[in-house]
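Enquirer: After the structure tokens below, expect a handful of questions from me.
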Amino acid sequence: MRSAHSVDQVRAAEAEVMARLPEGTLMRRAASGLAVTCARLLTRRRGRVYGSRVVVLAGSGDNGGDALYAGAELARRGARVTAVLLAPGRAHGGGLAALRAAYGRVVVEQEVGLADFSCADLVLDGIVGIGGRGGLRPEAEPYARAARTGVVVAVDVPSGVDADTGEVAGAALRADVTVCFGTYKPGLLIDPGASYAGAVQLVGIGLELPPAGVVALQHADVAALLPVPGAESDKYRRGVVGVAAGSARYPGAALLAVAGALRGGAGAVRYVGTAAEEVVRRFPETLVTEGGPAGAGRVQAWVVGPGGGEGAGRALSEALAADVPVLVDADGLTELARLGPGAIAGRTAPTLLTPHTGEAARLLAGAGSGSGSGGDGGTRSEQTRPPAAEELAAARLATARRLAAAYRATVLLKGSTTVVADPSGPVRVNPTGTAWLATAGSGDVLAGLAGSLLAAGLSAPDAAAVAACLHGLAARHTAGVPGAPVTASEVAAALPAVWNDVRAAAAPEPRSGRPGGTGA
């Protein structure tokens, strides 16, 4: 699991360690790890460090100091290092002295710096550190626009990216590699910041950190959560997921949601809705009825809303009345936005909301004018104007947290980085997504998959995070390399393959020797 800590948490941990160590120890540890990574990149690119052209973009403060000390280590290995000082009067004194002692070159003329930047083999971005806010300052902006031929390595965070949120409020310098110290930063895992970070590498510097506020599950974490039937399992013990989806206008949504649900670990799928005939023709293993959730029989979780049309309101009301987890998607979210948070306030079973940013905007507007009418189907009297979806997409972490707090529910916010927020516990971010998932029906597959995991017994945050991971991997598997268009049906069909891949990647290496024996 990748754990990401806030700037305040990092600063507190650094202060505690620095109080026990000689001055400059942490910076030297960081710079050494940074230099090792840069040397490895140069060797891969040019075959050696000696003679490589390295440019250090050094701002003021410790971030610039880390970059200057790393530049000095590379210079001692024979690299031709030039430091470009963007704040000459406030450059880190110790780092600057170390670079000069290693016969590094120092320039303050930005025209010279830009020329060197454009032809360097490697650039160290030490302009702004984790405490920076907003975009690059005017003196640094030209580097974000300049052509380059070498590898750009960001020091802790790409300059111009908010380390806590991933927001990019202006110009930012896009990195090929980001070397972060002590812990991952949330802004490196969440778009748009994640798209500026490139490959992220962690260098340990001995920090003792509290529990993280943001985490990213890896294959081993996901594998540990996947429901696996035991020897005595039957379809009911594995869980039954109910799917209320589809309408005369969107019958395909029912098929896609059921396709995802069948591959999500539950033992059976029970479908209710107007597309029952189409569903059972395509998936004869599905239990179907044309009624609503109230008369469907026992289930362990409900999925409500994909393509639900005008019937989504009734389906949502009946599903929410059941004392089981409920996943609300698509038209169900539109209805919930009309009703407001009061519609789910009295529930004791988990509720999982799966909006894209447009639906998130409507949900926040629905939460902004009061507590809502409760779960009795009443209409809210006045709607707050929805925030712009573009603004919410640019602040994905804050948006997911706001929704989770407003509705007291788990939220899976879909998008370039899928973010799972819960009123308690860390935010989970999914690193497996791909732009090829921006295709009709993919959200229906995700809803069915996550609902099936809920029925199989996973908590709402776990079901959401696992579903997002598998969904993204299935899209990658289908799109291939370098990538090709995919359909939602193809994504659903690829789920068993990536399920196996995740379990295989996390499985322990087999012991040598004969099974059950002691080996030779």
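Quick note on naming: the chains in the structure tokens go A, B, ... in the order shown, residues restart at 1 in each chain, and ligands are numbered from 1 in order of appearance.
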According to DSSP computed on the backbone, where in stretch 2-169 of chain A is there strand (DSSP E)? Give the residues as a list in words.

Expert: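 Those residues are Arg2, Ser3, Ala4, Arg53, Val54, Val55, Val56, Leu57, Ala58, Arg80, Val81, Thr82, Ala83, Val84, Leu85, Arg105, Val106, Val107, Leu122, Val123, Leu124, Asp125, Gly126, Val151, Val152, Val153, Ala154 and Val155 of chain A.
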
Enquirer: Find the spatial neighbours of A:Ala248, counting only C-alpha atoms, within a cut-off of 8 Å - ignore same-chain residues fewer than 2 positions away - and output them as a JSON list (two decimals) with N, CA, C and O atoms, in the first residue's frame.

Expert:
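Ended up saving to around16.json:
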```
[["chain", "number", "residue", "atom", "x", "y", "z"],
["A", 246, "GLY", "N", -31.70, -0.24, -15.85],
["A", 246, "GLY", "CA", -32.26, -0.34, -17.19],
["A", 246, "GLY", "C", -33.66, 0.24, -17.28],
["A", 246, "GLY", "O", -34.38, 0.37, -16.28],
["A", 250, "TYR", "N", -32.90, 2.88, -21.92],
["A", 250, "TYR", "CA", -31.53, 2.41, -21.71],
["A", 250, "TYR", "C", -31.52, 0.93, -21.27],
["A", 250, "TYR", "O", -31.06, 0.60, -20.18],
["A", 251, "PRO", "N", -31.99, 0.03, -22.11],
["A", 251, "PRO", "CA", -31.98, -1.39, -21.71],
["A", 251, "PRO", "C", -30.57, -1.94, -21.57],
["A", 251, "PRO", "O", -30.33, -2.86, -20.77],
["A", 274, "THR", "N", -37.37, -3.51, -16.16],
["A", 274, "THR", "CA", -38.09, -3.73, -17.40],
["A", 274, "THR", "C", -37.31, -4.52, -18.43],
["A", 274, "THR", "O", -37.87, -4.95, -19.44],
["A", 275, "ALA", "N", -36.03, -4.73, -18.20],
["A", 275, "ALA", "CA", -35.20, -5.45, -19.18],
["A", 275, "ALA", "C", -35.00, -6.91, -18.79],
["A", 275, "ALA", "O", -34.04, -7.55, -19.23]]
```

Enquirer: Neighbours of A:Leu57 within 9 Å (only C-alpha atoms; same-chain residues fewer than 6 positions away dropped), as number ranges by chain?

Expert: A: 64, 67-68, 82-86, 113, 117, 123-127

Enquirer: What does the file look like for those residues with N, CA and C atoms, as a JSON list (two decimals), in the first residue's frame?

Expert:
```json
[["chain", "number", "residue", "atom", "x", "y", "z"],
["A", 64, "GLY", "N", 15.35, 23.60, -2.88],
["A", 64, "GLY", "CA", 16.50, 23.96, -3.68],
["A", 64, "GLY", "C", 17.79, 23.40, -3.10],
["A", 67, "ALA", "N", 18.21, 19.77, -4.09],
["A", 67, "ALA", "CA", 18.64, 19.67, -5.48],
["A", 67, "ALA", "C", 20.12, 20.04, -5.64],
["A", 68, "LEU", "N", 20.57, 21.07, -4.93],
["A", 68, "LEU", "CA", 21.97, 21.50, -5.04],
["A", 68, "LEU", "C", 22.92, 20.45, -4.47],
["A", 82, "THR", "N", 25.23, 22.31, -13.97],
["A", 82, "THR", "CA", 24.97, 23.75, -13.92],
["A", 82, "THR", "C", 23.77, 24.01, -13.03],
["A", 83, "ALA", "N", 23.94, 24.87, -12.05],
["A", 83, "ALA", "CA", 22.83, 25.28, -11.20],
["A", 83, "ALA", "C", 22.31, 26.62, -11.68],
["A", 84, "VAL", "N", 21.01, 26.67, -11.95],
["A", 84, "VAL", "CA", 20.35, 27.91, -12.34],
["A", 84, "VAL", "C", 19.59, 28.42, -11.11],
["A", 85, "LEU", "N", 20.01, 29.56, -10.59],
["A", 85, "LEU", "CA", 19.40, 30.10, -9.37],
["A", 85, "LEU", "C", 18.22, 30.99, -9.75],
["A", 86, "LEU", "N", 17.02, 30.57, -9.33],
["A", 86, "LEU", "CA", 15.84, 31.38, -9.62],
["A", 86, "LEU", "C", 15.57, 32.41, -8.54],
["A", 113, "GLY", "N", 20.20, 29.95, -18.50],
["A", 113, "GLY", "CA", 19.57, 28.80, -17.88],
["A", 113, "GLY", "C", 18.62, 28.07, -18.81],
["A", 117, "PHE", "N", 18.84, 24.29, -20.05],
["A", 117, "PHE", "CA", 17.68, 23.44, -19.76],
["A", 117, "PHE", "C", 17.29, 22.64, -21.01],
["A", 123, "VAL", "N", 17.41, 17.15, -15.81],
["A", 123, "VAL", "CA", 17.09, 18.40, -15.11],
["A", 123, "VAL", "C", 16.53, 18.05, -13.74],
["A", 124, "LEU", "N", 17.07, 18.67, -12.72],
["A", 124, "LEU", "CA", 16.54, 18.53, -11.36],
["A", 124, "LEU", "C", 15.64, 19.73, -11.07],
["A", 125, "ASP", "N", 14.36, 19.47, -10.83],
["A", 125, "ASP", "CA", 13.40, 20.53, -10.52],
["A", 125, "ASP", "C", 13.36, 20.73, -9.01],
["A", 126, "GLY", "N", 14.14, 21.72, -8.55],
["A", 126, "GLY", "CA", 14.13, 22.09, -7.14],
["A", 126, "GLY", "C", 13.63, 23.51, -6.96],
["A", 127, "ILE", "N", 12.64, 23.90, -7.78],
["A", 127, "ILE", "CA", 12.16, 25.29, -7.75],
["A", 127, "ILE", "C", 11.30, 25.54, -6.52]]
```

Enquirer: What lies within 9 Å of A:Gly448 using only C-alpha atoms, ignoring chain neighbours under 3 positions off, as JSON, numbers by chain?

Expert: {"A": [241, 243, 256, 257, 258, 259, 260, 261, 262, 263, 264, 303, 327, 443, 444, 445, 451, 452, 453]}

Enquirer: Can you write out the residues you just picked, keeping all heavy atoms, as a compact mmCIF listing (two decimals), in the first residue's frame?

Expert:
```txt
# COMPACT_ATOMS: atom_id res chain seq x y z
N VAL A 241 -26.52 -10.38 -4.99
CA VAL A 241 -26.59 -8.95 -5.26
C VAL A 241 -27.82 -8.67 -6.12
O VAL A 241 -28.09 -9.36 -7.10
CB VAL A 241 -25.31 -8.43 -5.96
CG1 VAL A 241 -25.02 -9.14 -7.26
CG2 VAL A 241 -25.41 -6.92 -6.19
N VAL A 243 -29.85 -6.11 -8.63
CA VAL A 243 -29.56 -5.05 -9.59
C VAL A 243 -30.88 -4.47 -10.09
O VAL A 243 -31.66 -5.18 -10.73
CB VAL A 243 -28.72 -5.57 -10.78
CG1 VAL A 243 -28.51 -4.46 -11.81
CG2 VAL A 243 -27.38 -6.11 -10.29
N LEU A 256 -25.20 -4.41 -18.86
CA LEU A 256 -23.83 -4.11 -18.46
C LEU A 256 -23.66 -4.19 -16.94
O LEU A 256 -22.63 -4.68 -16.45
CB LEU A 256 -23.43 -2.74 -18.98
CG LEU A 256 -23.32 -2.67 -20.51
CD1 LEU A 256 -23.20 -1.22 -20.97
CD2 LEU A 256 -22.12 -3.48 -21.00
N ALA A 257 -24.65 -3.68 -16.19
CA ALA A 257 -24.56 -3.77 -14.73
C ALA A 257 -24.57 -5.23 -14.27
O ALA A 257 -23.81 -5.63 -13.38
CB ALA A 257 -25.69 -2.99 -14.08
N VAL A 258 -25.41 -6.04 -14.89
CA VAL A 258 -25.45 -7.46 -14.55
C VAL A 258 -24.14 -8.14 -14.94
O VAL A 258 -23.62 -8.99 -14.20
CB VAL A 258 -26.66 -8.14 -15.23
CG1 VAL A 258 -26.56 -9.66 -15.11
CG2 VAL A 258 -27.96 -7.66 -14.59
N ALA A 259 -23.59 -7.76 -16.10
CA ALA A 259 -22.30 -8.34 -16.52
C ALA A 259 -21.22 -8.07 -15.48
O ALA A 259 -20.41 -8.97 -15.17
CB ALA A 259 -21.89 -7.76 -17.87
N GLY A 260 -21.16 -6.85 -14.95
CA GLY A 260 -20.19 -6.55 -13.91
C GLY A 260 -20.47 -7.30 -12.62
O GLY A 260 -19.56 -7.82 -11.97
N ALA A 261 -21.76 -7.41 -12.26
CA ALA A 261 -22.13 -8.07 -11.02
C ALA A 261 -21.81 -9.56 -11.05
O ALA A 261 -21.37 -10.14 -10.04
CB ALA A 261 -23.62 -7.86 -10.75
N LEU A 262 -22.01 -10.21 -12.20
CA LEU A 262 -21.73 -11.63 -12.31
C LEU A 262 -20.26 -11.95 -12.11
O LEU A 262 -19.90 -13.08 -11.77
CB LEU A 262 -22.18 -12.15 -13.68
CG LEU A 262 -23.69 -12.31 -13.87
CD1 LEU A 262 -24.01 -12.53 -15.35
CD2 LEU A 262 -24.22 -13.48 -13.04
N ARG A 263 -19.41 -10.97 -12.32
CA ARG A 263 -17.96 -11.18 -12.23
C ARG A 263 -17.36 -10.53 -10.99
O ARG A 263 -16.16 -10.29 -10.94
CB ARG A 263 -17.29 -10.65 -13.49
CG ARG A 263 -17.72 -11.41 -14.75
CD ARG A 263 -17.27 -10.72 -16.02
NE ARG A 263 -17.52 -11.53 -17.20
CZ ARG A 263 -18.63 -11.48 -17.93
NH1 ARG A 263 -19.61 -10.65 -17.58
NH2 ARG A 263 -18.78 -12.24 -19.00
N GLY A 264 -18.17 -10.24 -9.98
CA GLY A 264 -17.70 -9.53 -8.81
C GLY A 264 -17.60 -10.33 -7.53
O GLY A 264 -17.39 -9.75 -6.47
N VAL A 303 -27.83 -2.70 -6.13
CA VAL A 303 -27.29 -1.70 -7.06
C VAL A 303 -28.49 -1.04 -7.72
O VAL A 303 -29.31 -1.71 -8.35
CB VAL A 303 -26.40 -2.36 -8.13
CG1 VAL A 303 -25.96 -1.32 -9.16
CG2 VAL A 303 -25.20 -3.03 -7.50
N LEU A 327 -25.78 0.51 -3.33
CA LEU A 327 -24.96 1.33 -4.21
C LEU A 327 -25.88 2.13 -5.11
O LEU A 327 -26.77 1.57 -5.76
CB LEU A 327 -24.03 0.44 -5.05
CG LEU A 327 -23.06 1.15 -6.00
CD1 LEU A 327 -21.81 0.30 -6.20
CD2 LEU A 327 -23.69 1.46 -7.36
N GLY A 443 -19.34 2.81 -16.63
CA GLY A 443 -19.79 3.05 -15.26
C GLY A 443 -20.82 2.05 -14.80
O GLY A 443 -20.90 1.71 -13.61
N ASP A 444 -21.65 1.53 -15.73
CA ASP A 444 -22.63 0.50 -15.38
C ASP A 444 -21.93 -0.78 -14.95
O ASP A 444 -22.33 -1.44 -13.98
CB ASP A 444 -23.55 0.22 -16.57
CG ASP A 444 -24.25 1.46 -17.09
OD1 ASP A 444 -24.52 2.36 -16.28
OD2 ASP A 444 -24.53 1.52 -18.31
N VAL A 445 -20.86 -1.14 -15.68
CA VAL A 445 -20.08 -2.32 -15.31
C VAL A 445 -19.46 -2.14 -13.92
O VAL A 445 -19.49 -3.04 -13.09
CB VAL A 445 -18.98 -2.59 -16.36
CG1 VAL A 445 -18.06 -3.73 -15.91
CG2 VAL A 445 -19.60 -2.90 -17.72
N GLY A 451 -21.18 -3.50 -6.50
CA GLY A 451 -22.32 -4.03 -5.77
C GLY A 451 -22.16 -5.49 -5.44
O GLY A 451 -22.53 -5.95 -4.34
N SER A 452 -21.59 -6.26 -6.36
CA SER A 452 -21.34 -7.68 -6.13
C SER A 452 -20.35 -7.87 -4.98
O SER A 452 -20.52 -8.76 -4.13
CB SER A 452 -20.81 -8.32 -7.41
OG SER A 452 -20.76 -9.72 -7.31
N LEU A 453 -19.33 -7.04 -4.95
CA LEU A 453 -18.35 -7.12 -3.85
C LEU A 453 -18.99 -6.76 -2.52
O LEU A 453 -18.66 -7.36 -1.47
CB LEU A 453 -17.17 -6.20 -4.15
CG LEU A 453 -16.27 -6.66 -5.31
CD1 LEU A 453 -15.37 -5.52 -5.80
CD2 LEU A 453 -15.41 -7.85 -4.88
```

Enquirer: Neighbouring residues of A:Asp162 were defined as those with any atom within 6 Å, considering only C-alpha atoms; residues of the same chain fewer than 5 positions away were excluded. Please report them as a ChimeraX atom specification.

Expert: /A:133,167,187

Enquirer: Using only N, CA and C atoms, please write the residues we just selected to a file, as a short mmCIF file (atom, residue, chain, number, x, y, z; two decimals), in the first residue's frame.

Expert:
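Now in selection-v2.cif:
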```
data_model
loop_
_atom_site.label_atom_id
_atom_site.label_comp_id
_atom_site.auth_asym_id
_atom_site.auth_seq_id
_atom_site.Cartn_x
_atom_site.Cartn_y
_atom_site.Cartn_z
N ARG A 133 2.32 26.91 -2.91
CA ARG A 133 0.91 27.02 -3.26
C ARG A 133 0.79 27.84 -4.53
N GLU A 167 -3.91 19.66 -6.86
CA GLU A 167 -4.45 20.75 -7.67
C GLU A 167 -3.31 21.52 -8.35
N GLY A 187 -0.76 14.79 -3.48
CA GLY A 187 -0.79 15.41 -4.80
C GLY A 187 -0.07 14.63 -5.88
#
```

Enquirer: For stretch 259-337 of chain A versus stretch 349-368 of chain A, which residues have an atom no more than 9 Å away, and what is each residue's nearest atom pair and distance in Å rounded to one decimal, using only C-alpha atoms, chain-then-number order, as a Markdown table?

Expert:
```
| residue | atom | partner | partner_atom | distance |
| --- | --- | --- | --- | --- |
| A:Leu320 | CA | A:Thr351 | CA | 8.5 |
| A:Ala322 | CA | A:Ala349 | CA | 8.5 |
| A:Asp323 | CA | A:Ala349 | CA | 5.7 |
| A:Val324 | CA | A:Ala349 | CA | 5.4 |
| A:Pro325 | CA | A:Pro350 | CA | 4.7 |
| A:Val326 | CA | A:Thr351 | CA | 5.0 |
| A:Leu327 | CA | A:Leu352 | CA | 4.6 |
| A:Val328 | CA | A:Leu353 | CA | 5.0 |
| A:Asp329 | CA | A:Thr354 | CA | 5.3 |
| A:Ala330 | CA | A:Pro355 | CA | 6.9 |
| A:Leu333 | CA | A:Glu359 | CA | 6.8 |
| A:Thr334 | CA | A:Glu359 | CA | 7.0 |
| A:Leu336 | CA | A:Leu363 | CA | 7.3 |
| A:Ala337 | CA | A:Leu363 | CA | 4.5 |
```

Enquirer: Please return as a PyMOL selection string: the residues of stretch 343-464 of chain A that backbone DSSP assigns to alpha helix (DSSP H).

Expert: chain A and resi 357-367+389-394+396-407+442-455+460-464

Enquirer: Only N, CA and C atoms, please: the residues just picked out, written as a short mmCIF file (atom, residue, chain, number, x, y, z; two decimals), in the first residue's frame.

Expert:
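The resulting selection00.cif:
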```cif
data_model
loop_
_atom_site.label_atom_id
_atom_site.label_comp_id
_atom_site.auth_asym_id
_atom_site.auth_seq_id
_atom_site.Cartn_x
_atom_site.Cartn_y
_atom_site.Cartn_z
N THR A 357 -18.20 13.70 -12.06
CA THR A 357 -18.18 15.06 -11.51
C THR A 357 -19.46 15.82 -11.80
N GLY A 358 -20.13 15.55 -12.92
CA GLY A 358 -21.41 16.21 -13.17
C GLY A 358 -22.45 15.81 -12.15
N GLU A 359 -22.52 14.52 -11.83
CA GLU A 359 -23.45 14.05 -10.81
C GLU A 359 -23.04 14.55 -9.43
N ALA A 360 -21.73 14.64 -9.19
CA ALA A 360 -21.25 15.19 -7.92
C ALA A 360 -21.72 16.62 -7.75
N ALA A 361 -21.70 17.39 -8.84
CA ALA A 361 -22.16 18.78 -8.76
C ALA A 361 -23.63 18.84 -8.35
N ARG A 362 -24.44 17.97 -8.93
CA ARG A 362 -25.87 17.96 -8.58
C ARG A 362 -26.08 17.50 -7.13
N LEU A 363 -25.30 16.51 -6.69
CA LEU A 363 -25.43 16.06 -5.30
C LEU A 363 -25.04 17.15 -4.32
N LEU A 364 -23.98 17.87 -4.61
CA LEU A 364 -23.58 18.96 -3.70
C LEU A 364 -24.62 20.07 -3.69
N ALA A 365 -25.20 20.35 -4.86
CA ALA A 365 -26.27 21.35 -4.89
C ALA A 365 -27.47 20.87 -4.07
N GLY A 366 -27.78 19.58 -4.18
CA GLY A 366 -28.88 19.03 -3.42
C GLY A 366 -28.63 19.04 -1.92
N ALA A 367 -27.37 19.00 -1.52
CA ALA A 367 -27.03 19.03 -0.10
C ALA A 367 -26.90 20.45 0.43
N ALA A 389 -18.77 21.41 -12.90
CA ALA A 389 -18.12 20.10 -12.88
C ALA A 389 -16.61 20.23 -13.09
N GLU A 390 -16.19 21.21 -13.90
CA GLU A 390 -14.76 21.40 -14.15
C GLU A 390 -14.02 21.78 -12.88
N GLU A 391 -14.65 22.60 -12.05
CA GLU A 391 -14.02 22.98 -10.78
C GLU A 391 -13.89 21.78 -9.86
N LEU A 392 -14.90 20.93 -9.84
CA LEU A 392 -14.85 19.74 -8.98
C LEU A 392 -13.79 18.76 -9.47
N ALA A 393 -13.66 18.62 -10.79
CA ALA A 393 -12.65 17.71 -11.34
C ALA A 393 -11.24 18.18 -11.02
N ALA A 394 -11.05 19.50 -10.96
CA ALA A 394 -9.72 20.05 -10.64
C ALA A 394 -9.37 19.92 -9.17
N ARG A 396 -10.32 17.06 -6.98
CA ARG A 396 -10.97 15.77 -6.81
C ARG A 396 -10.99 15.30 -5.35
N LEU A 397 -9.89 15.52 -4.64
CA LEU A 397 -9.81 15.08 -3.26
C LEU A 397 -10.82 15.83 -2.39
N ALA A 398 -10.85 17.14 -2.53
CA ALA A 398 -11.78 17.95 -1.75
C ALA A 398 -13.23 17.62 -2.11
N THR A 399 -13.50 17.37 -3.39
CA THR A 399 -14.86 17.07 -3.83
C THR A 399 -15.36 15.78 -3.20
N ALA A 400 -14.54 14.73 -3.25
CA ALA A 400 -14.96 13.45 -2.68
C ALA A 400 -15.18 13.56 -1.18
N ARG A 401 -14.30 14.28 -0.50
CA ARG A 401 -14.46 14.45 0.94
C ARG A 401 -15.72 15.25 1.28
N ARG A 402 -16.00 16.29 0.50
CA ARG A 402 -17.21 17.08 0.74
C ARG A 402 -18.46 16.24 0.58
N LEU A 403 -18.51 15.43 -0.46
CA LEU A 403 -19.68 14.58 -0.69
C LEU A 403 -19.86 13.56 0.42
N ALA A 404 -18.77 12.92 0.82
CA ALA A 404 -18.85 11.91 1.88
C ALA A 404 -19.36 12.54 3.18
N ALA A 405 -18.89 13.75 3.48
CA ALA A 405 -19.33 14.42 4.70
C ALA A 405 -20.78 14.87 4.60
N ALA A 406 -21.20 15.38 3.43
CA ALA A 406 -22.55 15.90 3.27
C ALA A 406 -23.60 14.80 3.34
N TYR A 407 -23.29 13.63 2.77
CA TYR A 407 -24.28 12.55 2.71
C TYR A 407 -24.02 11.45 3.74
N SER A 442 -19.28 2.01 -19.28
CA SER A 442 -18.24 1.50 -18.38
C SER A 442 -18.64 1.72 -16.92
N GLY A 443 -19.34 2.81 -16.63
CA GLY A 443 -19.79 3.05 -15.26
C GLY A 443 -20.82 2.05 -14.80
N ASP A 444 -21.65 1.53 -15.73
CA ASP A 444 -22.63 0.50 -15.38
C ASP A 444 -21.93 -0.78 -14.95
N VAL A 445 -20.86 -1.14 -15.68
CA VAL A 445 -20.08 -2.32 -15.31
C VAL A 445 -19.46 -2.14 -13.92
N LEU A 446 -18.90 -0.95 -13.68
CA LEU A 446 -18.29 -0.67 -12.37
C LEU A 446 -19.31 -0.77 -11.25
N ALA A 447 -20.52 -0.24 -11.47
CA ALA A 447 -21.56 -0.30 -10.44
C ALA A 447 -21.91 -1.74 -10.11
N GLY A 448 -22.11 -2.56 -11.13
CA GLY A 448 -22.43 -3.96 -10.87
C GLY A 448 -21.32 -4.69 -10.16
N LEU A 449 -20.09 -4.43 -10.56
CA LEU A 449 -18.93 -5.06 -9.93
C LEU A 449 -18.83 -4.68 -8.46
N ALA A 450 -18.92 -3.39 -8.16
CA ALA A 450 -18.82 -2.94 -6.77
C ALA A 450 -19.97 -3.46 -5.93
N GLY A 451 -21.18 -3.50 -6.50
CA GLY A 451 -22.32 -4.03 -5.77
C GLY A 451 -22.16 -5.49 -5.44
N SER A 452 -21.59 -6.26 -6.36
CA SER A 452 -21.34 -7.68 -6.13
C SER A 452 -20.35 -7.87 -4.98
N LEU A 453 -19.33 -7.04 -4.95
CA LEU A 453 -18.35 -7.12 -3.85
C LEU A 453 -18.99 -6.76 -2.52
N LEU A 454 -19.92 -5.80 -2.52
CA LEU A 454 -20.67 -5.49 -1.30
C LEU A 454 -21.45 -6.71 -0.83
N ALA A 455 -22.14 -7.36 -1.77
CA ALA A 455 -22.94 -8.53 -1.41
C ALA A 455 -22.07 -9.67 -0.91
N ALA A 460 -18.08 -0.98 2.40
CA ALA A 460 -18.27 -0.07 1.28
C ALA A 460 -16.96 0.53 0.78
N PRO A 461 -16.06 1.03 1.66
CA PRO A 461 -14.78 1.54 1.14
C PRO A 461 -13.94 0.47 0.45
N ASP A 462 -13.93 -0.75 1.01
CA ASP A 462 -13.15 -1.82 0.39
C ASP A 462 -13.75 -2.22 -0.95
N ALA A 463 -15.07 -2.37 -1.00
CA ALA A 463 -15.72 -2.76 -2.25
C ALA A 463 -15.47 -1.73 -3.33
N ALA A 464 -15.56 -0.45 -2.98
CA ALA A 464 -15.33 0.61 -3.95
C ALA A 464 -13.90 0.61 -4.46
#
```

Enquirer: Show which residues sit within 7 Å of A:Val49, as an NGL selection string. Count only C-alpha atoms, and ignore same-chain residues fewer than 6 positions away.

Expert: :A and (39 or 42-43 or 77-79)

Enquirer: So, counting only C-alpha atoms, which residue among A:Arg338, A:Arg428, A:Arg476, A:Arg20 is closest to A:Leu189?

Expert: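 Once distances to A:Leu189 are computed over only C-alpha atoms, the minimum belongs to A:Arg428.
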
Enquirer: Let me make sure I understand: among A:Val168, A:Cys180, A:Ala120, A:Leu226, which one has the smallest atom-to-atom distance to A:Pro192 if we use only C-alpha atoms?

Expert: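 For A:Pro192, the nearest of the candidates is A:Val168.
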
Enquirer: Compile the contact shell of A:His5 as a PyMOL selection string: residues with an atom at most 9 Å away, counting only C-alpha atoms, same-chain residues fewer than 6 positions apart removed.

Expert: chain A and resi 164+183-186+209-215

Enquirer: Limited to C-alpha atoms, could you put the picked residues into a file as a compact mmCIF listing (two decimals), in the first residue's frame?

Expert:
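Output below, filename out.txt:
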```txt
# COMPACT_ATOMS: atom_id res chain seq x y z
CA ASP A 164 -1.67 18.10 -0.39
CA THR A 183 6.43 9.36 2.31
CA TYR A 184 4.26 9.84 -0.73
CA LYS A 185 2.37 13.11 -0.97
CA PRO A 186 -1.36 13.09 -1.85
CA LEU A 209 4.70 9.12 10.60
CA PRO A 210 1.11 8.87 11.87
CA PRO A 211 -1.61 7.00 9.94
CA ALA A 212 -1.94 8.36 6.41
CA GLY A 213 -4.93 10.36 5.23
CA VAL A 214 -4.63 9.10 1.64
CA VAL A 215 -3.66 5.61 0.47
```

Enquirer: Using only C-alpha atoms, which of A:Gly425, A:Gly131, A:Gly415, A:Gly24 sits nearest A:His92?

Expert: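 Of all the options, A:Gly24 lies closest to A:His92.
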
Enquirer: What separation in Å, quoted to one decimal, exists between atom CA of A:Gly457 and atom CA of A:Gly346?

Expert: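 The value is 21.5 Å.
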